[in-house]
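Colleague: Quick one: the structure is below, questions incoming.
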Amino acid sequence: MSRIVQPPVFDGDEVTATGLNNRFTQFSQAGALNATNLRDAAVDLPQMNTTSKFMMLNSAQVNLGTESFDLSAPRTLASYSGATFPAPAPVLDGAGVSTHLGPLGWTLTSGEILRVYWNLNVSPNGASTTNWRVAGNGGTVLPVRGGGTVIVADSGHAWLAWLQWDITSAALANWVPVYGQSDFQRNFTGALYGEQLNQTQATTVIPPWLDTITQVREGEVNTTLDAKRVGWRGVSGAYYYTVPGAPITVWGIRVVLAGLAHAYHIGNVNYFAWDPAIADAAITLSYTSGNLMALHHTTG
Amino acid sequence: MKHWTVNQQRSGNTVSPESVNDEIRTSASSIQTLDRAQLPQACIDDSNLELYALHRVWCEPIYPKDVVDREGEQNNIRDTSVKSWMFAGLTYQLYTSGWLALTPYTLTGFKGGSLFLEWSGNALVFPSAANQYSNLMPGVSKYCKVRMSANGVTVAERYGASHMEHWRLFGSVFLPPGDLQLQLEFQPTTIGPDEPIVSTAPLPILQLHLFSSKFFAMGRWR
Amino acid sequence: MAYTPPQTFVAGTPLEAADILDNCDALRIYLHEDVLSSDLQATRWVQTRHIQPPQVDPYSGLQHGVTGFQGGQMGGGNLSRLTFATRFLTGNAIAGVVPSTWQPIPTTSFRVNIRRSCTMIFHYWMDIESGPDTATGVPYGIASDDRIYYITPYISNTSAPLKVIGQVGVNSIDGFTATFPLGADVQYTMNRGWQQRDGSYLYNATAGTNVTVGLCSYSQIDRVALINWSIALEVFYL
């Protein structure tokens with residue numbers, strides 16, 4: 001609007017019908033009340049529209065995994081021993097059915113954000129195999145005080161968990177890694193398959209074992225190593241998507257697992273590479289229950 | 001705001017300027033100071049709210065991103081002389097001690113109020129050489145501390161990862177209006193007095209690498 | 001609809017006090033109670049200053065405004081405001097399939113008064129050190145190697161903890177010497193009882209309710225220390 005601009009009536013003025021009418025009709029400006037008409041702090045919660053949400057546009061949550069408190073009956077994933085790359089394994093419930101968010105039908109556009117958080121109880125198994133005690137992929141060779149060498153785990157192995165989504169349809173039959181994430185299936189060098197670290201926006205790494213040097217002294221170690229299992233623990237992940245391009249419709253989101261991968265580098269570029277040489281029937285990942293949630297809200 | 005009757009015109013009274021001006025002037029004041037007692041319910045939504053009137057989100061789904069092929073990774077210390085089956089990252093040959101900061105980031109347009117800040121990622125920490133000589137020396141537990149601050153105010157910090165782990169740090173703080181300088185920092189455990197830092201190859205041993213790093217911030221002022 | 005003067009003045013007709021009064025009364029009524037949404041300009045003009053500033057509760061760290069709640073609190077950095085879970089409050093490690101006793105973890109909850117139906121997200125992170133708990137004998141029915149704890153969010157009371165989304169942890173019996181000098185023989189970061197984790201939980205709350213959300217625990221381990229922790233709440237009314 002505008003402001004009220006008709007002048008007051010002054011002593012001696014001739015009072016006209018037009019003048020009087022104008023002084024009243026100036027208050028009638030449909031669709032014109034704006035910033036100059038509201039005082040500070042005029043708007044409170046009752047004035048905020050209730051017909052539809054305009055800040056938190058969508059939200060959803062689902063239980064992941066077995067939905068069981070009982071650790072004696074987990075689902076278990078084997079370590080990959082093939083020549084290329086493992087198929088990502090979705091988190092399943094006790095009956096073997098995929099647990100995921102969807103069908104959602106959320107259309108994301110510029111000015112909006114998707115946030116995803118999840119957690120899952122896992123137990124990496126197989127620490128006692130000590131398969132990693134090899135130079136190169138898995139171990140670091142250290143000098144022993146008094147002579148000899150010993151190989152300790154280099155902390156470079158990991159079970160990988162990451163997010164996939166379906167942006168095709170409510171049928172949820174076309175799962176692909178989320179934007180900025182890969183399925184680690186590229187043959188990036190020689191016989192190795194995996195992907196660069198800049199494609200791990202939605203990845204969570206899970207340590208497969210703990211390997212301790214029981215004594216270090218003056219840059220050398222003793223021969224006693226202590227390989228410990230990691231034990232049951234909660235692991236978690238987080239992911240954001242800020243719609244860098246055209247709008248998309250998200251129909252489903254899920255967590256997938258695979259392993260074992262190992263750190264690798266070529267020059268100054270880092271990768272995760274699958275390490276099937278380390279695989280063993282005893283090296284597995286058990287999981288039970290957890291939670292997956294997604295938020296879709298505006299950014300301003 | 002609402003107003004009382006200022007001038008009640010009555011039959012037989014002399015028509016004076018005040019009989020018109022008083023009410024008009026008061027109503028003019030009222031229509032230019034509308035408050036919550038006058039506005040209808042449910043009249044405000046994103047069709048008439050200015051951008052960032054209520055809140056603002058700053059988010060980098062991968063950060064830092066100033067070096068190609070190394071987005072989301074710490075680029076503060078990159079030792080490429082480690083073995084092939086390892087990340088190029090932080091070794092004790094190139095790092096001594098202290099906090100290392102990712103590229104600073106400015107949260108522009110913060111209007112004052114609550115800031116919720118979140119930073120997450122993965123870390124590889126080499127933990128195995130924590131015990132020192134015969135346990136007669138204090139051990140040097142290996143982890144990667146992480147800390148976030150806005151305009152120098154620490155929002156949150158924690159011990160962080162101590163193996164190959166994912167971690168998430170978040171916190172909330174109240175800050176006055178103005179652009180905020182966001183600092184995301186990490187601090188590996190410094191070298192112990194006895195531990196080996198070179199393999200028998202000899203190659204440096206990777207001690208730490210941060211990757212998959214990203215942050216989210218939401219300022220709410222109403 | 002916008003204000004419409006009930007009386008229109010016509011040149012040459014007598015000016016009646018009642019007519020002016022009519023228009024003034026109608027204007028005052030419009031400005032009191034008849035402003036409509038359609039009278040507002042249909043462009044983006046409402047600024048931050050036009051909106052009620054929020055209230056701040058410095059103790060809980062929460063801000064409450066028209067958008068909802070946002071804020072949180074932290075344990076205070078390394079080794080401050082430590083909190084805990086323990087089996088002495090949750091069944092004392094008596095063997096059982098499903099734990100029946102859960103306890104709130106001190107200082108890790110929010111209680112909020114909800115003014116509009118909303119979406120709530122409760123966030124938490126913790127650095128935890130547990131055990132070693134090797135006590136034996138009745139009624140300890142669970143081997144020390146198998147003792148676990150769960151930490152999970154709860155809504156309103158701990159009689160209904162969100163068990164299936166809780167995060168589990170184990171007893172740190174690895175890395176402790178059995179001979180003199182007793183104590184740890186590996187650093188705590190190499191001991192599986194040291195864990196760092198985080199989580200989030202989404203809850204839809206109804207207007208007019210008081211909602212308490214926080215962390216609770218079930219433990220079979222005598223000492224589970226939350227060395228560092230932080231909780232945060234995001235509530236969206238809009």
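The way I read the labels, and the way they are meant: chains A, B, ... in the order of the structure tokens, residue 1 as the first residue of every chain, and ligand 1 as the first ligand shown, with later ones counted on from there.
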Counting only C-alpha atoms, what is within 6 Å of Leu210 of chain B, bar same-chain residues fewer than 6 positions away, as a list in words?

Modeller: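 The residues that qualify are Glu73, Gln74, Asn122 and Ala123 of chain B.
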
Colleague: Write the residues of the preceding selection, restricted to N, CA, C and O atoms, as a JSON list (two decimals), in the first residue's frame.

Modeller:
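The resulting file, result-v4.json, is shown below:
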[["chain", "number", "residue", "atom", "x", "y", "z"],
["B", 73, "GLU", "N", 37.63, -34.15, 1.19],
["B", 73, "GLU", "CA", 38.77, -34.69, 1.94],
["B", 73, "GLU", "C", 39.55, -33.56, 2.59],
["B", 73, "GLU", "O", 39.54, -32.43, 2.09],
["B", 74, "GLN", "N", 40.23, -33.89, 3.65],
["B", 74, "GLN", "CA", 41.16, -32.90, 4.19],
["B", 74, "GLN", "C", 42.33, -32.80, 3.20],
["B", 74, "GLN", "O", 42.86, -33.79, 2.74],
["B", 122, "ASN", "N", 33.80, -39.30, 7.33],
["B", 122, "ASN", "CA", 34.49, -40.52, 7.71],
["B", 122, "ASN", "C", 35.93, -40.19, 8.05],
["B", 122, "ASN", "O", 36.48, -39.19, 7.57],
["B", 123, "ALA", "N", 36.53, -41.03, 8.85],
["B", 123, "ALA", "CA", 37.94, -40.85, 9.19],
["B", 123, "ALA", "C", 38.63, -42.19, 9.21],
["B", 123, "ALA", "O", 38.04, -43.21, 9.59]]

Colleague: Which residues, written as a ChimeraX atom specification, have at least one atom at most 9 Å from segment 60-73 of chain C, with only C-alpha atoms counted and residues fewer than 5 positions away on the same chain left out?

Modeller: /A:43-46,48,55 /B:54-55,113-116,171-174,220-222 /C:51-55,108-112,114-116,118,120,123,229-238

Colleague: What's the 8 Å shell around segment 193-204 of chain B, counting only C-alpha atoms, without same-chain residues fewer than 2 positions away, as a PyMOL selection string?

Modeller: (chain A and resi 140-143+149+216-221) or (chain B and resi 81-83+91-93+129-130+132-133+191+206)

Colleague: Now that the selection is made, can you save its residues with N, CA and C atoms as a PDB file, in the first residue's frame?

Modeller:
ATOM      1  N   THR A 140      50.785 -53.296   7.865  1.00  0.00           N
ATOM      2  CA  THR A 140      51.984 -52.469   7.854  1.00  0.00           C
ATOM      3  C   THR A 140      53.093 -53.270   8.502  1.00  0.00           C
ATOM      4  N   VAL A 141      54.226 -53.412   7.798  1.00  0.00           N
ATOM      5  CA  VAL A 141      55.335 -54.206   8.300  1.00  0.00           C
ATOM      6  C   VAL A 141      56.205 -53.312   9.176  1.00  0.00           C
ATOM      7  N   LEU A 142      56.420 -53.722  10.428  1.00  0.00           N
ATOM      8  CA  LEU A 142      57.161 -52.908  11.381  1.00  0.00           C
ATOM      9  C   LEU A 142      58.372 -53.680  11.906  1.00  0.00           C
ATOM     10  N   PRO A 143      59.419 -52.950  12.242  1.00  0.00           N
ATOM     11  CA  PRO A 143      60.610 -53.623  12.776  1.00  0.00           C
ATOM     12  C   PRO A 143      60.397 -54.050  14.223  1.00  0.00           C
ATOM     13  N   THR A 149      60.520 -58.837  11.883  1.00  0.00           N
ATOM     14  CA  THR A 149      59.433 -57.919  11.554  1.00  0.00           C
ATOM     15  C   THR A 149      58.114 -58.513  12.019  1.00  0.00           C
ATOM     16  N   VAL A 216      55.489 -50.521  22.134  1.00  0.00           N
ATOM     17  CA  VAL A 216      56.385 -49.862  21.197  1.00  0.00           C
ATOM     18  C   VAL A 216      57.553 -49.291  21.990  1.00  0.00           C
ATOM     19  N   ARG A 217      58.693 -49.236  21.336  1.00  0.00           N
ATOM     20  CA  ARG A 217      59.863 -48.678  22.012  1.00  0.00           C
ATOM     21  C   ARG A 217      60.827 -48.179  20.963  1.00  0.00           C
ATOM     22  N   GLU A 218      61.107 -46.901  21.047  1.00  0.00           N
ATOM     23  CA  GLU A 218      62.113 -46.259  20.203  1.00  0.00           C
ATOM     24  C   GLU A 218      61.940 -46.614  18.720  1.00  0.00           C
ATOM     25  N   GLY A 219      60.716 -46.535  18.265  1.00  0.00           N
ATOM     26  CA  GLY A 219      60.440 -46.758  16.857  1.00  0.00           C
ATOM     27  C   GLY A 219      60.316 -48.207  16.453  1.00  0.00           C
ATOM     28  N   GLU A 220      60.444 -49.093  17.411  1.00  0.00           N
ATOM     29  CA  GLU A 220      60.300 -50.512  17.114  1.00  0.00           C
ATOM     30  C   GLU A 220      59.192 -51.088  17.993  1.00  0.00           C
ATOM     31  N   VAL A 221      58.845 -52.350  17.700  1.00  0.00           N
ATOM     32  CA  VAL A 221      57.720 -52.941  18.423  1.00  0.00           C
ATOM     33  C   VAL A 221      58.112 -54.300  18.961  1.00  0.00           C
TER      34      VAL A 221
ATOM     35  N   SER B  81      53.704 -40.366  -0.349  1.00  0.00           N
ATOM     36  CA  SER B  81      54.750 -41.384  -0.354  1.00  0.00           C
ATOM     37  C   SER B  81      54.388 -42.613   0.478  1.00  0.00           C
ATOM     38  N   VAL B  82      53.153 -42.668   0.990  1.00  0.00           N
ATOM     39  CA  VAL B  82      52.707 -43.869   1.704  1.00  0.00           C
ATOM     40  C   VAL B  82      52.550 -45.007   0.702  1.00  0.00           C
ATOM     41  N   LYS B  83      52.341 -46.211   1.190  1.00  0.00           N
ATOM     42  CA  LYS B  83      52.191 -47.353   0.284  1.00  0.00           C
ATOM     43  C   LYS B  83      50.947 -47.177  -0.592  1.00  0.00           C
ATOM     44  N   THR B  91      50.651 -37.859   7.692  1.00  0.00           N
ATOM     45  CA  THR B  91      51.663 -38.683   8.346  1.00  0.00           C
ATOM     46  C   THR B  91      52.404 -37.816   9.351  1.00  0.00           C
ATOM     47  N   TYR B  92      53.096 -38.442  10.282  1.00  0.00           N
ATOM     48  CA  TYR B  92      53.839 -37.670  11.264  1.00  0.00           C
ATOM     49  C   TYR B  92      55.080 -37.032  10.656  1.00  0.00           C
ATOM     50  N   GLN B  93      55.440 -37.494   9.436  1.00  0.00           N
ATOM     51  CA  GLN B  93      56.572 -36.833   8.773  1.00  0.00           C
ATOM     52  C   GLN B  93      56.212 -35.398   8.380  1.00  0.00           C
ATOM     53  N   ALA B 129      49.476 -48.028  17.472  1.00  0.00           N
ATOM     54  CA  ALA B 129      50.719 -47.761  18.204  1.00  0.00           C
ATOM     55  C   ALA B 129      50.491 -46.881  19.411  1.00  0.00           C
ATOM     56  N   ALA B 130      49.379 -47.090  20.094  1.00  0.00           N
ATOM     57  CA  ALA B 130      49.038 -46.207  21.206  1.00  0.00           C
ATOM     58  C   ALA B 130      49.803 -46.534  22.481  1.00  0.00           C
ATOM     59  N   GLN B 132      52.807 -47.218  24.816  1.00  0.00           N
ATOM     60  CA  GLN B 132      54.202 -46.829  24.806  1.00  0.00           C
ATOM     61  C   GLN B 132      55.017 -47.837  25.615  1.00  0.00           C
ATOM     62  N   TYR B 133      56.235 -47.570  25.771  1.00  0.00           N
ATOM     63  CA  TYR B 133      57.216 -48.535  26.280  1.00  0.00           C
ATOM     64  C   TYR B 133      56.782 -49.194  27.579  1.00  0.00           C
ATOM     65  N   ILE B 191      52.327 -37.241  17.803  1.00  0.00           N
ATOM     66  CA  ILE B 191      53.160 -38.440  17.851  1.00  0.00           C
ATOM     67  C   ILE B 191      53.589 -38.744  19.284  1.00  0.00           C
ATOM     68  N   LEU B 206      50.531 -43.948   7.257  1.00  0.00           N
ATOM     69  CA  LEU B 206      49.420 -43.004   7.334  1.00  0.00           C
ATOM     70  C   LEU B 206      48.831 -43.033   8.729  1.00  0.00           C
TER      71      LEU B 206
END

Colleague: Please produce, as a Markdown table, a per-residue contact table for segment 36-150 of chain B versus segment 94-115 of chain A (criterion: any atom at most 12 Å away, only C-alpha atoms considered), showing the nearest atom pair and its distance in Å to one decimal, sorted by chain then residue number.

Modeller:
| residue | atom | partner | partner_atom | distance |
| --- | --- | --- | --- | --- |
| B:Asp46 | CA | A:Gly111 | CA | 11.8 |
| B:Leu51 | CA | A:Gly111 | CA | 9.8 |
| B:Tyr52 | CA | A:Gly111 | CA | 10.7 |
| B:Arg56 | CA | A:Gly111 | CA | 10.1 |
| B:Val57 | CA | A:Ile113 | CA | 8.7 |
| B:Trp58 | CA | A:Ile113 | CA | 10.0 |
| B:Cys59 | CA | A:Ile113 | CA | 8.7 |
| B:Glu60 | CA | A:Ile113 | CA | 10.8 |
| B:Pro61 | CA | A:Arg115 | CA | 9.8 |
| B:Glu118 | CA | A:Arg115 | CA | 11.5 |

Colleague: Compile the contact shell of Ser236 of chain A as a list in words: residues with an atom at most 9 Å away, counting only C-alpha atoms, same-chain residues fewer than 6 positions apart removed.

Modeller: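 Counting only the stated atoms, we get Tyr117, Trp118, Asn119, Leu120, Asn121 and Thr204 of chain A; His166, Trp167 and Arg168 of chain B; Arg197, Asp198 and Gly199 of chain C.
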
Colleague: When you look at segment 151-163 of chain B with a cut-off of 8 Å (counting only C-alpha atoms), what residues show up, excluding the ones that are within fewer than 2 positions of it in the same chain? I need them as a ChimeraX atom specification.

Modeller: /A:155,207,210 /B:117,123-127,142-149,165-167,169-173,180-183 /C:74,77-78,127,189,196,228-229

Colleague: Could you write those residues out with N, CA, C and O atoms, as a compact mmCIF listing (two decimals), in the first residue's frame?

Modeller:
# COMPACT_ATOMS: atom_id res chain seq x y z
N SER A 155 44.65 -50.40 9.47
CA SER A 155 43.40 -49.67 9.70
C SER A 155 42.76 -49.19 8.40
O SER A 155 41.91 -48.31 8.42
N PRO A 207 34.73 -50.28 10.87
CA PRO A 207 36.01 -50.98 11.05
C PRO A 207 35.78 -52.48 11.22
O PRO A 207 34.90 -52.88 11.99
N LEU A 210 40.14 -54.59 15.35
CA LEU A 210 41.10 -53.72 16.02
C LEU A 210 42.37 -54.53 16.23
O LEU A 210 42.30 -55.66 16.71
N LEU B 117 24.38 -26.21 13.84
CA LEU B 117 25.49 -26.50 12.94
C LEU B 117 25.83 -27.98 13.04
O LEU B 117 25.86 -28.55 14.13
N ALA B 123 36.53 -41.03 8.85
CA ALA B 123 37.94 -40.85 9.19
C ALA B 123 38.63 -42.19 9.21
O ALA B 123 38.04 -43.21 9.59
N LEU B 124 39.87 -42.20 8.77
CA LEU B 124 40.74 -43.35 8.97
C LEU B 124 41.79 -42.90 9.98
O LEU B 124 42.52 -41.94 9.73
N VAL B 125 41.82 -43.56 11.11
CA VAL B 125 42.83 -43.29 12.13
C VAL B 125 43.63 -44.58 12.33
O VAL B 125 43.04 -45.66 12.45
N PHE B 126 44.94 -44.47 12.31
CA PHE B 126 45.79 -45.63 12.60
C PHE B 126 45.97 -45.67 14.11
O PHE B 126 46.70 -44.87 14.67
N PRO B 127 45.33 -46.64 14.79
CA PRO B 127 45.27 -46.57 16.25
C PRO B 127 46.27 -47.44 16.97
O PRO B 127 46.39 -47.36 18.19
N LYS B 142 45.03 -42.73 20.13
CA LYS B 142 44.90 -42.11 18.82
C LYS B 142 43.43 -41.84 18.50
O LYS B 142 42.60 -42.74 18.53
N TYR B 143 43.13 -40.61 18.22
CA TYR B 143 41.80 -40.27 17.73
C TYR B 143 41.92 -38.94 17.00
O TYR B 143 42.96 -38.28 17.04
N CYS B 144 40.85 -38.60 16.34
CA CYS B 144 40.85 -37.34 15.59
C CYS B 144 39.80 -36.43 16.20
O CYS B 144 38.61 -36.57 15.91
N LYS B 145 40.22 -35.50 17.02
CA LYS B 145 39.28 -34.55 17.59
C LYS B 145 38.74 -33.65 16.49
O LYS B 145 39.45 -33.30 15.55
N VAL B 146 37.49 -33.28 16.63
CA VAL B 146 36.87 -32.36 15.67
C VAL B 146 36.19 -31.24 16.42
O VAL B 146 35.67 -31.44 17.52
N ARG B 147 36.19 -30.07 15.81
CA ARG B 147 35.65 -28.87 16.47
C ARG B 147 35.04 -27.95 15.43
O ARG B 147 35.60 -27.77 14.35
N MET B 148 33.89 -27.35 15.76
CA MET B 148 33.28 -26.36 14.88
C MET B 148 33.16 -25.07 15.66
O MET B 148 32.79 -25.09 16.84
N SER B 149 33.43 -23.96 15.00
CA SER B 149 33.21 -22.67 15.65
C SER B 149 32.65 -21.68 14.65
O SER B 149 32.88 -21.80 13.44
N GLU B 165 36.10 -45.01 10.94
CA GLU B 165 34.77 -44.78 11.45
C GLU B 165 34.09 -43.58 10.80
O GLU B 165 34.75 -42.65 10.34
N HIS B 166 32.78 -43.60 10.85
CA HIS B 166 31.99 -42.43 10.51
C HIS B 166 31.74 -41.65 11.79
O HIS B 166 31.59 -42.23 12.86
N TRP B 167 31.67 -40.34 11.69
CA TRP B 167 31.40 -39.52 12.86
C TRP B 167 30.50 -38.36 12.45
O TRP B 167 30.45 -37.97 11.29
N LEU B 169 29.24 -34.51 14.17
CA LEU B 169 29.33 -33.52 15.24
C LEU B 169 28.27 -32.46 14.99
O LEU B 169 28.14 -31.97 13.87
N PHE B 170 27.48 -32.12 15.99
CA PHE B 170 26.53 -31.03 15.84
C PHE B 170 26.46 -30.25 17.13
O PHE B 170 26.85 -30.73 18.20
N GLY B 171 25.95 -29.06 17.00
CA GLY B 171 25.77 -28.23 18.19
C GLY B 171 24.90 -27.05 17.83
O GLY B 171 24.58 -26.81 16.66
N SER B 172 24.50 -26.31 18.85
CA SER B 172 23.62 -25.18 18.65
C SER B 172 24.08 -24.04 19.54
O SER B 172 24.50 -24.26 20.68
N VAL B 173 23.98 -22.81 19.01
CA VAL B 173 24.45 -21.66 19.77
C VAL B 173 23.61 -20.45 19.36
O VAL B 173 23.03 -20.43 18.28
N LEU B 180 28.73 -14.89 9.48
CA LEU B 180 29.47 -15.73 10.42
C LEU B 180 30.60 -16.43 9.70
O LEU B 180 30.41 -17.00 8.62
N GLN B 181 31.76 -16.41 10.30
CA GLN B 181 32.91 -17.13 9.75
C GLN B 181 32.92 -18.52 10.37
O GLN B 181 33.14 -18.67 11.58
N LEU B 182 32.68 -19.51 9.55
CA LEU B 182 32.60 -20.88 10.04
C LEU B 182 33.97 -21.54 9.95
O LEU B 182 34.64 -21.47 8.91
N GLN B 183 34.39 -22.15 11.06
CA GLN B 183 35.66 -22.87 11.09
C GLN B 183 35.38 -24.33 11.44
O GLN B 183 34.78 -24.63 12.47
N MET C 74 25.33 -29.12 25.12
CA MET C 74 26.47 -30.01 24.96
C MET C 74 27.03 -30.33 26.32
O MET C 74 26.87 -29.57 27.27
N GLY C 77 32.37 -29.99 26.13
CA GLY C 77 33.72 -30.24 25.67
C GLY C 77 34.31 -31.46 26.35
O GLY C 77 33.63 -32.20 27.04
N ASN C 78 35.58 -31.67 26.17
CA ASN C 78 36.18 -32.89 26.69
C ASN C 78 36.10 -32.96 28.20
O ASN C 78 36.47 -32.04 28.91
N ASP C 127 30.39 -39.72 23.09
CA ASP C 127 31.64 -40.48 23.21
C ASP C 127 31.49 -41.30 24.47
O ASP C 127 31.29 -40.75 25.56
N THR C 189 41.26 -46.37 23.42
CA THR C 189 40.78 -46.31 22.03
C THR C 189 40.95 -47.65 21.33
O THR C 189 40.34 -47.88 20.28
N GLN C 196 32.21 -44.10 19.78
CA GLN C 196 31.57 -42.83 19.53
C GLN C 196 30.42 -43.09 18.55
O GLN C 196 30.56 -43.88 17.63
N ASN C 228 31.62 -37.38 26.53
CA ASN C 228 31.18 -36.19 25.79
C ASN C 228 29.82 -36.49 25.22
O ASN C 228 29.56 -37.62 24.81
N TRP C 229 28.98 -35.50 25.15
CA TRP C 229 27.68 -35.74 24.53
C TRP C 229 27.06 -34.42 24.11
O TRP C 229 27.46 -33.35 24.57

Colleague: Going by DSSP on the backbone, which bits of segment 23-216 of chain B are helix (DSSP H, G or I)? Write them as a VMD selection string, please.

Modeller: chain B and resid 23 to 31 133 to 135

Colleague: Would you give me, as a count of residues only, the residues in segment 136-277 of chain A that DSSP reads as strand (DSSP E or B)?

Modeller: 83

Colleague: One decimal, Å: what's the distance from atom CA of Phe216 of chain B over to atom CA of Ser120 of chain B, could you say?

Modeller: 9.0 Å

Colleague: Should the cut-off be 6 Å, what would the residue list for chain B against chain C look like, counting only C-alpha atoms, as a ChimeraX atom specification?

Modeller: /B:2,9-11,38,40,43,47-50,53,141,157,172,222

Colleague: Please provide as a count of residues only all residues within 6 Å of Cys216 of chain C, with the sequence filter that same-chain residues fewer than 4 positions apart are discarded (counting only C-alpha atoms).

Modeller: 5

Colleague: Need the shell around Leu90 of chain B: protein/DNA/RNA residues with any atom at most 9 Å away, counting only C-alpha atoms. Skip same-chain ones fewer than 3 positions apart. Format as a list in words?

Modeller: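 The residues that qualify are Gln74, Asn76, Ile77, Arg78, Asp79, Phe87, Gln93, Leu94, Tyr95, Pro188, Ile205, Leu206, Gln207, Leu208 and His209 of chain B.
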
Colleague: Next, the residues of the selection above should be written as a PDB file, in the first residue's frame with N, CA and C atoms.

Modeller:
ATOM      1  N   GLN B  74      40.228 -33.888   3.653  1.00  0.00           N
ATOM      2  CA  GLN B  74      41.161 -32.903   4.193  1.00  0.00           C
ATOM      3  C   GLN B  74      42.325 -32.795   3.202  1.00  0.00           C
ATOM      4  N   ASN B  76      44.802 -30.532   3.978  1.00  0.00           N
ATOM      5  CA  ASN B  76      45.816 -29.811   4.747  1.00  0.00           C
ATOM      6  C   ASN B  76      47.167 -30.510   4.668  1.00  0.00           C
ATOM      7  N   ILE B  77      47.149 -31.831   4.820  1.00  0.00           N
ATOM      8  CA  ILE B  77      48.402 -32.581   4.778  1.00  0.00           C
ATOM      9  C   ILE B  77      48.178 -33.841   3.939  1.00  0.00           C
ATOM     10  N   ARG B  78      48.909 -33.916   2.822  1.00  0.00           N
ATOM     11  CA  ARG B  78      48.756 -35.034   1.890  1.00  0.00           C
ATOM     12  C   ARG B  78      50.128 -35.619   1.606  1.00  0.00           C
ATOM     13  N   ASP B  79      50.412 -36.722   2.260  1.00  0.00           N
ATOM     14  CA  ASP B  79      51.698 -37.399   2.021  1.00  0.00           C
ATOM     15  C   ASP B  79      51.431 -38.497   0.996  1.00  0.00           C
ATOM     16  N   PHE B  87      45.538 -44.394   1.813  1.00  0.00           N
ATOM     17  CA  PHE B  87      45.205 -43.055   1.369  1.00  0.00           C
ATOM     18  C   PHE B  87      46.437 -42.169   1.464  1.00  0.00           C
ATOM     19  N   GLN B  93      55.440 -37.494   9.436  1.00  0.00           N
ATOM     20  CA  GLN B  93      56.572 -36.833   8.773  1.00  0.00           C
ATOM     21  C   GLN B  93      56.212 -35.398   8.380  1.00  0.00           C
ATOM     22  N   LEU B  94      54.933 -35.158   8.149  1.00  0.00           N
ATOM     23  CA  LEU B  94      54.500 -33.831   7.689  1.00  0.00           C
ATOM     24  C   LEU B  94      53.661 -33.085   8.718  1.00  0.00           C
ATOM     25  N   TYR B  95      53.300 -33.741   9.823  1.00  0.00           N
ATOM     26  CA  TYR B  95      52.450 -33.095  10.820  1.00  0.00           C
ATOM     27  C   TYR B  95      53.103 -33.219  12.181  1.00  0.00           C
ATOM     28  N   PRO B 188      44.553 -34.354  14.993  1.00  0.00           N
ATOM     29  CA  PRO B 188      44.964 -35.727  15.297  1.00  0.00           C
ATOM     30  C   PRO B 188      45.770 -35.740  16.590  1.00  0.00           C
ATOM     31  N   ILE B 205      53.969 -44.144   7.522  1.00  0.00           N
ATOM     32  CA  ILE B 205      52.716 -44.787   7.906  1.00  0.00           C
ATOM     33  C   ILE B 205      51.625 -43.729   7.972  1.00  0.00           C
ATOM     34  N   LEU B 206      50.531 -43.948   7.257  1.00  0.00           N
ATOM     35  CA  LEU B 206      49.420 -43.004   7.334  1.00  0.00           C
ATOM     36  C   LEU B 206      48.831 -43.033   8.729  1.00  0.00           C
ATOM     37  N   GLN B 207      48.668 -41.855   9.321  1.00  0.00           N
ATOM     38  CA  GLN B 207      48.109 -41.766  10.670  1.00  0.00           C
ATOM     39  C   GLN B 207      46.644 -41.365  10.666  1.00  0.00           C
ATOM     40  N   LEU B 208      46.261 -40.507   9.699  1.00  0.00           N
ATOM     41  CA  LEU B 208      44.897 -39.991   9.687  1.00  0.00           C
ATOM     42  C   LEU B 208      44.513 -39.524   8.301  1.00  0.00           C
ATOM     43  N   HIS B 209      43.252 -39.751   7.945  1.00  0.00           N
ATOM     44  CA  HIS B 209      42.680 -39.061   6.809  1.00  0.00           C
ATOM     45  C   HIS B 209      41.195 -38.812   7.066  1.00  0.00           C
TER      46      HIS B 209
END

Colleague: Taking into account only C-alpha atoms, which residue in the set C:Thr206, C:Gln220, C:Asn191, C:Thr158 is nearest to chain A?

Modeller: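 Using only C-alpha atoms, the shortest distance to chain A belongs to C:Asn191.
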
Colleague: For chain B, which residue among A:Pro8, A:Pro88, A:Gly245, A:Gly148 is the nearest when counting only C-alpha atoms?

Modeller: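 Distance minimum relative to chain B lands on A:Pro8.
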
Colleague: Rounded to one decimal, what separation in Å do you get between atom CA of Ala101 of chain B and atom CA of Ile128 of chain C?

Modeller: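 Going from atom CA of Ala101 of chain B over to atom CA of Ile128 of chain C, I get 25.6 Å.
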